[in-house]
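Visitor: Contents of protein.csv (CSV, C-alpha atoms):
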chain,number,residue,atom,x,y,z
N,1,MET,CA,-109.1,-20.7,72.3
N,2,LYS,CA,-107.0,-23.9,72.0
N,3,LYS,CA,-105.8,-24.9,68.5
N,4,ILE,CA,-108.0,-28.0,68.3
N,5,GLU,CA,-111.0,-25.9,69.1
N,6,TRP,CA,-110.3,-23.7,66.0
N,7,ILE,CA,-110.4,-26.8,63.9
N,8,LEU,CA,-113.7,-28.0,65.5
N,9,LEU,CA,-115.2,-24.6,65.0
N,10,ILE,CA,-114.4,-24.6,61.3
N,11,ALA,CA,-115.7,-28.2,60.9
N,12,ALA,CA,-119.0,-27.2,62.3
N,13,THR,CA,-119.7,-24.9,59.3
N,14,LEU,CA,-119.7,-27.8,56.7
N,15,ILE,CA,-123.4,-27.4,55.8
N,16,PHE,CA,-122.9,-24.0,54.1
N,17,THR,CA,-121.7,-22.9,50.6
N,18,THR,CA,-119.9,-20.1,48.6
N,19,SER,CA,-116.6,-19.1,46.7
N,20,MET,CA,-113.4,-16.9,47.0
N,21,PHE,CA,-110.2,-15.3,45.5
N,22,ALA,CA,-106.9,-16.2,44.0
N,23,GLN,CA,-104.7,-14.6,46.6
N,24,GLY,CA,-105.5,-17.5,49.0
N,25,CYS,CA,-105.0,-21.2,48.2
N,26,GLU,CA,-108.3,-21.6,46.4
N,27,ALA,CA,-108.7,-20.5,42.7
N,28,ASP,CA,-110.8,-17.6,41.7
N,29,ASP,CA,-114.2,-18.7,40.3
N,30,PRO,CA,-116.2,-15.6,39.1
N,31,SER,CA,-119.0,-17.9,37.9
N,32,ASP,CA,-120.0,-18.5,41.5
N,33,THR,CA,-122.8,-16.4,42.9
N,34,LEU,CA,-122.3,-15.4,46.5
N,35,ALA,CA,-125.3,-14.5,48.7
N,36,PRO,CA,-124.8,-13.5,52.4
N,37,PRO,CA,-124.6,-14.9,54.9
N,38,LYS,CA,-123.6,-18.4,53.6
N,39,ILE,CA,-120.2,-19.8,54.2
N,40,LYS,CA,-118.2,-22.9,53.1
N,41,ILE,CA,-115.6,-25.1,54.6
N,42,PHE,CA,-112.7,-26.1,52.2
N,43,GLY,CA,-109.3,-27.5,52.3
N,44,TYR,CA,-107.0,-30.3,51.2
N,45,LEU,CA,-104.5,-32.9,52.5
N,46,GLN,CA,-101.2,-33.8,50.8
N,47,PRO,CA,-99.5,-36.8,52.4
N,48,GLU,CA,-96.2,-37.6,50.6
N,49,TYR,CA,-93.3,-40.0,50.3
N,50,GLN,CA,-89.7,-38.7,49.6
N,51,TYR,CA,-86.6,-40.6,48.7
N,52,THR,CA,-83.2,-38.8,48.3
N,53,GLN,CA,-80.2,-40.5,46.8
N,54,GLY,CA,-77.0,-40.4,48.7
N,55,ASP,CA,-74.6,-42.4,50.9
N,56,PRO,CA,-76.7,-43.2,52.7
N,57,GLY,CA,-79.9,-42.2,51.1
N,58,GLU,CA,-82.9,-40.7,52.9
N,59,SER,CA,-86.4,-42.2,52.9
N,60,THR,CA,-89.3,-40.7,54.7
N,61,PHE,CA,-93.1,-40.2,54.8
N,62,THR,CA,-94.2,-36.7,55.4
N,63,PHE,CA,-97.1,-34.2,54.9
N,64,ARG,CA,-96.5,-31.4,52.4
N,65,ARG,CA,-99.7,-29.5,53.4
N,66,ALA,CA,-102.7,-30.1,55.6
N,67,ARG,CA,-105.0,-27.1,55.3
N,68,VAL,CA,-108.6,-26.3,56.3
N,69,GLY,CA,-110.5,-23.0,56.0
N,70,VAL,CA,-113.8,-21.2,55.6
N,71,ARG,CA,-114.8,-18.5,53.2
N,72,GLY,CA,-118.0,-16.6,52.4
N,73,ARG,CA,-119.8,-13.3,52.1
N,74,VAL,CA,-121.2,-10.8,54.6
N,75,LEU,CA,-123.3,-8.0,53.3
N,76,ASP,CA,-123.4,-7.4,49.6
N,77,ASP,CA,-119.9,-6.1,49.1
N,78,PHE,CA,-117.7,-7.9,51.7
N,79,THR,CA,-116.2,-11.4,51.5
N,80,TYR,CA,-113.8,-13.1,53.9
N,81,TYR,CA,-111.3,-15.9,53.7
N,82,PHE,CA,-109.7,-17.8,56.5
N,83,MET,CA,-107.3,-20.8,56.4
N,84,LEU,CA,-105.2,-22.8,58.9
N,85,GLU,CA,-102.1,-24.8,58.1
N,86,ALA,CA,-101.8,-28.0,60.3
N,87,SER,CA,-98.8,-29.7,58.6
N,88,PRO,CA,-96.0,-30.1,61.2
N,89,PHE,CA,-93.4,-29.9,58.4
N,90,ILE,CA,-94.2,-26.5,56.9
N,91,GLY,CA,-94.7,-24.3,60.0
N,92,GLY,CA,-91.3,-22.6,59.8
N,93,GLN,CA,-90.2,-21.3,63.2
N,94,THR,CA,-93.6,-22.2,64.8
N,95,PRO,CA,-94.5,-25.8,63.7
N,96,GLY,CA,-98.0,-26.9,64.3
N,97,VAL,CA,-101.4,-25.3,63.5
N,98,TYR,CA,-101.1,-21.7,62.6
N,99,LEU,CA,-103.0,-19.0,60.7
N,100,MET,CA,-101.9,-18.9,57.1
N,101,ASP,CA,-104.5,-16.9,55.0
N,102,ALA,CA,-106.9,-14.5,56.6
N,103,PHE,CA,-108.2,-11.5,54.7
N,104,ILE,CA,-111.4,-9.4,54.1
N,105,THR,CA,-112.2,-8.1,50.6
N,106,TRP,CA,-114.4,-5.3,49.5
N,107,ASP,CA,-115.5,-6.2,46.0
N,108,ARG,CA,-118.2,-3.8,44.9
N,109,PHE,CA,-116.2,-3.0,41.7
N,110,ASP,CA,-114.7,-5.7,39.6
N,111,TRP,CA,-111.7,-3.6,38.7
N,112,ALA,CA,-111.0,-2.1,42.1
N,113,LYS,CA,-111.3,-4.7,44.8
N,114,ILE,CA,-109.5,-4.1,48.1
N,115,SER,CA,-108.2,-6.9,50.4
N,116,MET,CA,-106.6,-6.5,53.8
N,117,GLY,CA,-105.0,-9.2,56.0
N,118,SER,CA,-102.7,-12.1,55.4
N,119,TYR,CA,-102.3,-13.5,51.9
N,120,LYS,CA,-99.9,-14.4,49.1
N,121,GLN,CA,-97.6,-11.7,47.7
N,122,PRO,CA,-98.9,-10.7,44.3
N,123,PHE,CA,-95.8,-11.9,42.5
N,124,GLY,CA,-95.3,-14.5,39.8
N,125,LEU,CA,-97.4,-17.2,38.0
N,126,GLU,CA,-96.2,-20.1,40.1
N,127,VAL,CA,-96.7,-18.4,43.5
N,128,PHE,CA,-99.6,-15.9,43.2
N,129,GLY,CA,-101.2,-17.3,40.1
N,130,THR,CA,-101.3,-21.0,41.0
N,131,GLY,CA,-103.0,-22.5,44.1
N,132,CYS,CA,-100.9,-25.0,46.0
N,133,HIS,CA,-103.4,-27.7,45.2
N,134,SER,CA,-103.1,-27.0,41.4
N,135,LEU,CA,-99.3,-27.2,41.0
N,136,VAL,CA,-98.4,-29.4,38.1
N,137,THR,CA,-95.2,-30.6,39.8
N,138,ILE,CA,-95.0,-31.4,43.5
N,139,ASP,CA,-92.3,-28.7,44.2
N,140,ARG,CA,-92.4,-25.2,42.9
N,141,ALA,CA,-89.3,-24.1,41.0
N,142,ILE,CA,-86.2,-23.3,43.0
N,143,VAL,CA,-86.3,-19.7,41.9
N,144,SER,CA,-89.9,-19.3,43.1
N,145,ASP,CA,-89.1,-20.8,46.6
N,146,GLN,CA,-85.9,-18.8,47.0
N,147,LEU,CA,-86.6,-15.4,45.6
N,148,VAL,CA,-90.3,-14.8,46.2
N,149,ILE,CA,-89.8,-14.7,50.0
N,150,PRO,CA,-91.9,-14.3,52.0
N,151,GLN,CA,-94.5,-16.0,49.9
N,152,ARG,CA,-97.2,-14.9,52.3
N,153,ASP,CA,-97.3,-11.6,54.3
N,154,TYR,CA,-99.6,-9.0,55.9
N,155,GLY,CA,-100.8,-6.0,54.0
N,156,LEU,CA,-103.3,-4.1,51.9
N,157,MET,CA,-103.9,-5.0,48.2
N,158,LEU,CA,-105.8,-3.4,45.3
N,159,LEU,CA,-106.7,-5.8,42.5
N,160,GLY,CA,-108.9,-6.2,39.5
N,161,GLY,CA,-110.0,-8.6,36.8
N,162,ASP,CA,-110.4,-12.4,37.0
N,163,THR,CA,-110.2,-15.5,34.9
N,164,THR,CA,-112.9,-14.2,32.5
N,165,THR,CA,-111.1,-10.9,31.6
N,166,ARG,CA,-108.0,-10.4,29.4
N,167,PHE,CA,-106.3,-8.1,31.8
N,168,THR,CA,-105.7,-8.6,35.6
N,169,TYR,CA,-103.6,-6.6,38.1
N,170,ALA,CA,-102.8,-6.6,41.8
N,171,VAL,CA,-100.7,-4.1,43.8
N,172,ALA,CA,-100.0,-4.4,47.5
N,173,VAL,CA,-98.3,-2.6,50.4
N,174,MET,CA,-97.0,-5.3,52.7
N,175,ASN,CA,-94.8,-5.6,55.9
N,176,GLY,CA,-92.1,-7.6,54.1
N,177,SER,CA,-91.4,-9.8,57.2
N,178,GLY,CA,-93.7,-12.8,56.4
N,179,LEU,CA,-96.1,-14.7,58.5
N,180,LEU,CA,-95.9,-15.2,62.3
N,181,ILE,CA,-93.4,-12.4,62.6
N,182,LYS,CA,-93.9,-8.8,63.8
N,183,ASP,CA,-92.8,-6.1,61.3
N,184,GLU,CA,-89.5,-4.8,62.8
N,185,ASN,CA,-88.8,-1.9,60.6
N,186,ASN,CA,-90.9,1.2,59.6
N,187,LYS,CA,-90.5,0.6,55.8
N,188,LYS,CA,-93.0,-1.3,53.7
N,189,ASP,CA,-92.7,-3.6,50.6
N,190,PHE,CA,-94.5,-2.6,47.4
N,191,VAL,CA,-95.4,-5.6,45.3
N,192,GLY,CA,-97.4,-5.8,42.0
N,193,ARG,CA,-98.3,-8.2,39.2
N,194,ALA,CA,-100.1,-7.6,35.9
N,195,THR,CA,-101.2,-10.1,33.3
N,196,TYR,CA,-102.7,-9.9,29.8
N,197,GLN,CA,-104.3,-12.6,27.6
N,198,LEU,CA,-102.7,-11.6,24.3
N,199,PHE,CA,-104.4,-14.4,22.4
N,200,ASP,CA,-106.8,-17.1,23.5
N,201,TRP,CA,-103.8,-19.4,23.7
N,202,MET,CA,-101.2,-17.0,25.1
N,203,HIS,CA,-100.9,-15.3,28.5
N,204,LEU,CA,-98.2,-12.8,29.4
N,205,GLY,CA,-97.4,-11.3,32.8
N,206,ALA,CA,-94.9,-9.3,34.8
N,207,SER,CA,-94.2,-8.8,38.5
N,208,PHE,CA,-92.2,-6.3,40.6
N,209,ARG,CA,-91.3,-5.8,44.2
N,210,TYR,CA,-89.3,-3.2,46.1
N,211,GLY,CA,-88.9,-3.4,49.8
N,212,TYR,CA,-86.8,-3.5,53.0
N,213,PRO,CA,-86.5,-7.2,54.1
N,214,VAL,CA,-84.0,-6.9,57.0
N,215,PRO,CA,-85.4,-6.6,60.5
N,216,ASN,CA,-84.5,-3.4,62.3
N,217,ASP,CA,-82.9,-1.9,59.2
N,218,ASN,CA,-84.6,0.9,57.3
N,219,ASP,CA,-81.8,1.4,54.8
N,220,SER,CA,-81.0,-2.0,53.2
N,221,ASP,CA,-83.4,-2.4,50.2
N,222,ARG,CA,-84.2,-5.1,47.7
N,223,THR,CA,-85.6,-5.1,44.2
N,224,THR,CA,-87.2,-8.0,42.4
N,225,TRP,CA,-88.7,-8.4,39.0
N,226,GLY,CA,-90.0,-11.2,36.9
N,227,GLY,CA,-91.7,-12.1,33.6
N,228,GLU,CA,-94.0,-15.0,32.8
N,229,ILE,CA,-95.6,-16.7,29.9
N,230,ARG,CA,-98.2,-19.5,29.5
N,231,LEU,CA,-99.3,-21.2,26.2
N,232,ASP,CA,-102.4,-23.4,26.0
N,233,PHE,CA,-102.9,-25.4,22.8
N,234,ASN,CA,-105.9,-27.6,23.6
N,235,ASN,CA,-104.5,-30.3,25.8
N,236,LEU,CA,-100.9,-29.2,25.5
N,237,HIS,CA,-99.7,-26.6,28.0
N,238,ILE,CA,-96.3,-24.7,28.2
N,239,GLN,CA,-95.4,-22.4,31.1
N,240,GLY,CA,-92.2,-20.4,32.0
N,241,GLU,CA,-90.9,-17.7,34.3
N,242,TYR,CA,-87.7,-15.7,34.9
N,243,ILE,CA,-87.1,-13.9,38.2
N,244,GLU,CA,-84.2,-11.7,39.1
N,245,ASP,CA,-83.5,-10.2,42.6
N,246,GLU,CA,-80.8,-7.9,44.0
N,247,GLY,CA,-80.0,-6.2,47.2
N,248,ALA,CA,-80.5,-7.2,50.9
N,249,TYR,CA,-82.4,-10.2,52.0
N,250,ASN,CA,-83.4,-11.7,55.4
N,251,ARG,CA,-81.1,-14.6,56.1
N,252,ALA,CA,-83.5,-15.8,58.9
N,253,ALA,CA,-86.5,-16.0,56.5
N,254,ASP,CA,-87.9,-19.4,55.6
N,255,ALA,CA,-88.0,-20.4,51.9
N,256,GLY,CA,-91.3,-21.2,50.2
N,257,CYS,CA,-93.4,-24.2,51.4
N,258,GLY,CA,-90.7,-25.7,53.6
N,259,ALA,CA,-87.8,-25.4,51.2
N,260,GLU,CA,-84.3,-25.0,52.6
N,261,PRO,CA,-83.2,-21.3,52.3
N,262,LEU,CA,-80.0,-20.8,50.4
N,263,GLU,CA,-77.1,-18.3,50.9
N,264,LEU,CA,-77.5,-15.6,48.2
N,265,GLY,CA,-75.1,-13.1,46.6
N,266,GLU,CA,-75.8,-9.5,45.8
N,267,ARG,CA,-77.6,-10.4,42.6
N,268,ARG,CA,-79.4,-13.7,42.0
N,269,ALA,CA,-81.7,-15.1,39.3
N,270,GLY,CA,-83.3,-18.2,38.0
N,271,ALA,CA,-85.9,-19.5,35.6
N,272,TYR,CA,-87.9,-22.5,34.7
N,273,GLY,CA,-89.8,-23.9,31.7
N,274,MET,CA,-92.5,-26.6,31.9
N,275,VAL,CA,-94.6,-28.6,29.5
N,276,TRP,CA,-97.5,-31.0,30.3
N,277,TYR,CA,-100.2,-32.8,28.4
N,278,ASP,CA,-103.8,-33.7,29.4
N,279,THR,CA,-104.6,-37.2,28.1
N,280,LYS,CA,-108.0,-38.8,27.8
N,281,TRP,CA,-107.0,-41.4,30.3
N,282,ASN,CA,-106.8,-38.9,33.2
N,283,LEU,CA,-103.0,-39.1,33.0
N,284,GLN,CA,-100.9,-35.9,32.8
N,285,PRO,CA,-97.2,-36.3,31.9
N,286,VAL,CA,-95.0,-33.3,32.7
N,287,PHE,CA,-91.4,-32.3,32.1
N,288,LYS,CA,-89.8,-29.3,33.8
N,289,TYR,CA,-86.4,-27.8,33.4
N,290,GLU,CA,-85.1,-25.1,35.7
N,291,TYR,CA,-81.9,-23.3,36.9
N,292,PHE,CA,-81.0,-21.1,39.8
N,293,ASP,CA,-77.9,-18.9,40.2
N,294,GLN,CA,-77.3,-17.8,43.8
N,295,ASP,CA,-74.8,-15.2,42.9
N,296,LEU,CA,-74.7,-13.6,39.4
N,297,ASP,CA,-71.5,-11.7,40.1
N,298,VAL,CA,-69.2,-14.5,41.3
N,299,LYS,CA,-68.4,-17.6,39.3
N,300,ASP,CA,-67.1,-21.1,40.2
N,301,ILE,CA,-68.6,-21.0,43.7
N,302,PRO,CA,-69.2,-24.7,44.5
N,303,ASN,CA,-72.9,-25.5,43.7
N,304,ALA,CA,-74.0,-21.8,43.7
N,305,TYR,CA,-75.3,-22.5,40.2
N,306,SER,CA,-77.6,-25.5,39.8
N,307,GLU,CA,-80.0,-27.0,37.4
N,308,ARG,CA,-82.9,-29.5,37.8
N,309,MET,CA,-84.9,-31.6,35.5
N,310,THR,CA,-88.2,-33.0,36.8
N,311,ILE,CA,-90.0,-35.8,35.0
N,312,GLY,CA,-93.5,-36.4,36.4
N,313,LEU,CA,-96.8,-38.1,36.0
N,314,ASN,CA,-100.1,-37.0,37.5
N,315,TYR,CA,-103.2,-39.2,37.6
N,316,PHE,CA,-106.7,-37.8,38.4
N,317,PHE,CA,-109.2,-40.1,40.0
N,318,SER,CA,-111.5,-37.1,40.0
N,319,LYS,CA,-111.2,-33.3,40.2
N,320,ASN,CA,-110.7,-33.7,43.9
N,321,VAL,CA,-108.4,-36.7,44.1
N,322,ARG,CA,-105.0,-37.0,42.3
N,323,VAL,CA,-101.7,-38.8,42.6
N,324,GLN,CA,-98.4,-37.2,41.6
N,325,LEU,CA,-95.1,-38.9,40.9
N,326,ASN,CA,-91.9,-36.8,40.3
N,327,TYR,CA,-88.3,-37.7,39.7
N,328,GLN,CA,-85.9,-34.8,40.2
N,329,ALA,CA,-82.5,-34.9,38.5
N,330,ASN,CA,-80.3,-32.3,40.2
N,331,ILE,CA,-77.3,-31.1,38.3
N,332,GLU,CA,-74.4,-29.2,40.0
N,333,THR,CA,-71.8,-27.5,37.9
N,334,VAL,CA,-68.7,-27.5,40.2
N,335,ILE,CA,-69.1,-30.4,42.6
N,336,ASN,CA,-71.6,-33.0,41.5
N,337,GLU,CA,-73.7,-34.5,44.3
N,338,ASP,CA,-75.7,-37.7,44.5
N,339,ASN,CA,-78.9,-36.0,45.5
N,340,ASP,CA,-81.6,-36.9,43.0
N,341,ARG,CA,-85.0,-37.3,44.5
N,342,PHE,CA,-88.2,-39.3,44.0
N,343,LEU,CA,-91.4,-37.8,45.3
N,344,ALA,CA,-94.9,-39.4,45.5
N,345,GLN,CA,-97.9,-37.5,46.7
N,346,ILE,CA,-101.6,-38.1,47.0
N,347,GLN,CA,-104.0,-35.1,47.3
N,348,VAL,CA,-107.6,-35.0,48.5
N,349,ARG,CA,-109.6,-31.7,48.3
N,350,PHE,CA,-112.9,-31.0,50.0
Step by step, read the file and then write its structure as structure tokens.
Guide:
Amino acid sequence: MKKIEWILLIAATLIFTTSMFAQGCEADDPSDTLAPPKIKIFGYLQPEYQYTQGDPGESTFTFRRARVGVRGRVLDDFTYYFMLEASPFIGGQTPGVYLMDAFITWDRFDWAKISMGSYKQPFGLEVFGTGCHSLVTIDRAIVSDQLVIPQRDYGLMLLGGDTTTRFTYAVAVMNGSGLLIKDENNKKDFVGRATYQLFDWMHLGASFRYGYPVPNDNDSDRTTWGGEIRLDFNNLHIQGEYIEDEGAYNRAADAGCGAEPLELGERRAGAYGMVWYDTKWNLQPVFKYEYFDQDLDVKDIPNAYSERMTIGLNYFFSKNVRVQLNYQANIETVINEDNDRFLAQIQVRF
């Protein structure tokens, strides 16, 4: 079936309704009631303008994401989730329309759901815990894009809990090679994340991954771990993560959501902290500080250590329409570059 026919097939299902899970792009909404065999079309568009300082500077209009999917329930205990990515700027080695998320979940028990297919790795708050349409800044942190690679993969996952419970967990066995790529070694990646709502205003979490990321190599391994925190004081929100990674990595792998992959040392790490405030005027100012060290063992490598400050403002016309403005001040420690960026994005969800 041609690619355009896939899109038309999905569009034909617009008259139906239901809900789905956090491992895709949509947020988990346990308050929804699902009754077979209804289905729902969903998706969002994110056209964007980017300006990068330099000599000369770069100015371009682009598409961050253009996604459409269907989700629903068949029988009493089985749900499905299917999403296509149509943005020509985020397709990695195969630009154009391609299959992004596609998984089936058996959810008879709230604390022991099983998903199989293609979905996000259960690692981190900014990657697994936040849908792409709900990101407070236009870009994820550098450490999320560079170390949680691949952000999506094929595998089997056991998970439990949701937004109404204090404890959640997810553990998965995955190929480790990412989307659109056949697994080229016999080893699998083991990935897991657990969170706990310590207080009504404090969320804590930890993630872990152990795997073999190099194609045709069953010996070179990688270990990744991370910690996360989120604080919510009425309209004031604070969020942070630290991620450290060591061992082998796949130099041919794409970074998250179209980011340029960086050359990494044996050990690498980074973190971010972010604060934002929900005003009564539908405006949401945000400030984000982050750093990323490409090689923890070697110092004074030009621009291997970098920092970034993002100043942003989000405006919500409604829950389905928003505009985001971000200024990214990039700070290099050895050779300073004139590469600050201004990003403007409008999003429509349906």
Visitor: Would you kindly return, as JSON, numbers by chain, each protein, DNA or RNA residue with an atom no farther than 6 Å from any atom of stretch 138-153 of chain N, considering all atoms listed in the file and excluding same-chain residues fewer than 2 positions away?
Guide: {"N": [118, 119, 120, 121, 178, 179, 255, 256, 270, 292]}
Visitor: List the spatial neighbours of stretch 341-350 of chain N as number ranges by chain - criterion: any atom at most 6 Å away, all atoms listed in the file, same-chain residues fewer than 3 positions off excluded.
Guide: N: 42-52, 320-328
Visitor: Please indicate the distance in Å from atom CA of N:Tyr154 to atom CA of N:Gly211, rounded to one decimal place.
Guide: 13.5 Å
Visitor: Between N:Ile335, N:Gly227, N:Leu75, N:Met116, which is the closest to N:Asp300 once you count all atoms listed in the file?
Guide: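 Closest to N:Asp300, using all atoms listed in the file: N:Ile335.
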Visitor: If you count only C-alpha atoms, which residues fall within 9 Å of N:Lys187, apart from same-chain ones fewer than 6 positions away, as a list in words?
Guide: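 Here the qualifying residues turn out to be Asn175, Gly176, Gly211, Tyr212, Pro213, Asp217, Asn218 and Asp219 of chain N.
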Visitor: Separation of atom CA of N:Thr195 and atom CA of N:Arg166, in Å?
Guide: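 Atom-to-atom, atom CA of N:Thr195 and atom CA of N:Arg166 are spaced 7.8 Å apart.
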Visitor: What does the structure give for the distance between atom CA of N:Asp278 and atom CA of N:Leu236, in Å to one decimal?
Guide: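 Separation between atom CA of N:Asp278 and atom CA of N:Leu236: 6.6 Å.
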Visitor: From the set N:Asp183, N:Asp189, N:Asp110, N:Asp340, which residue has the shortest atom-to-atom contact distance to N:Thr164, counting only C-alpha atoms?
Guide: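 Answer, going by the shortest atom-to-atom distance: N:Asp110.
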Visitor: May I ask which of the residues N:Tyr249, N:Tyr242, N:Trp106, N:Phe317 is the closest one to N:Glu290, counting only C-alpha atoms?
Guide: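 Looking only at the distances to N:Glu290, the closest residue turns out to be N:Tyr242.
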Visitor: With a distance cut-off of 10 Å and only C-alpha atoms, select the neighbouring residues of N:Asn330, excluding the residue or stretch itself and same-chain residues fewer than 4 positions from it, and output the selection as a list in words.
Guide: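 Once the adjacent positions are removed, what remains is Glu290, Tyr291, Ser306, Glu307, Arg308, Met309, Thr310, Asn336, Glu337, Asp338, Asn339, Asp340 and Arg341 of chain N.
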Visitor: Need the shell around N:Arg193: protein/DNA/RNA residues with any atom at most 9 Å away, counting all atoms listed in the file. Skip same-chain ones fewer than 3 positions apart. Format as a PyMOL selection string?
Guide: chain N and resi 122-124+128+168-171+205-209
Visitor: Nearest residue to N:Ala248 out of N:Ser220, N:Thr163, N:Ser177, N:Asn314, using all atoms listed in the file?
Guide: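 Using all atoms listed in the file, N:Ala248 sits closest to N:Ser220.
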Visitor: Starting from the incomplete input, reconstruct N, CA and C atoms of stretch 157-169 of chain N and report them as a CSV table (one decimal), in the coordinates of the input.
Guide:
chain,number,residue,atom,x,y,z
N,157,MET,N,-104.1,-4.7,49.7
N,157,MET,CA,-103.9,-5.0,48.2
N,157,MET,C,-105.1,-4.4,47.5
N,158,LEU,N,-104.8,-3.8,46.3
N,158,LEU,CA,-105.8,-3.4,45.3
N,158,LEU,C,-105.7,-4.3,44.1
N,159,LEU,N,-106.8,-4.9,43.6
N,159,LEU,CA,-106.7,-5.8,42.5
N,159,LEU,C,-108.0,-5.7,41.7
N,160,GLY,N,-107.8,-6.2,40.4
N,160,GLY,CA,-108.9,-6.2,39.5
N,160,GLY,C,-108.8,-7.2,38.4
N,161,GLY,N,-109.9,-7.6,37.8
N,161,GLY,CA,-110.0,-8.6,36.8
N,161,GLY,C,-110.0,-10.0,37.4
N,162,ASP,N,-110.3,-11.0,36.6
N,162,ASP,CA,-110.4,-12.4,37.0
N,162,ASP,C,-110.2,-13.3,35.8
N,163,THR,N,-110.5,-14.5,36.0
N,163,THR,CA,-110.2,-15.5,34.9
N,163,THR,C,-111.1,-15.3,33.6
N,164,THR,N,-112.1,-14.4,33.7
N,164,THR,CA,-112.9,-14.2,32.5
N,164,THR,C,-112.5,-12.9,31.8
N,165,THR,N,-111.5,-12.2,32.3
N,165,THR,CA,-111.1,-10.9,31.6
N,165,THR,C,-109.7,-11.1,31.0
N,166,ARG,N,-109.4,-10.3,30.0
N,166,ARG,CA,-108.0,-10.4,29.4
N,166,ARG,C,-106.9,-9.8,30.2
N,167,PHE,N,-107.3,-8.8,31.0
N,167,PHE,CA,-106.3,-8.1,31.8
N,167,PHE,C,-106.6,-8.3,33.3
N,168,THR,N,-105.6,-8.5,34.1
N,168,THR,CA,-105.7,-8.6,35.6
N,168,THR,C,-104.5,-7.8,36.2
N,169,TYR,N,-104.7,-7.3,37.4
N,169,TYR,CA,-103.6,-6.6,38.1
N,169,TYR,C,-103.8,-6.8,39.6
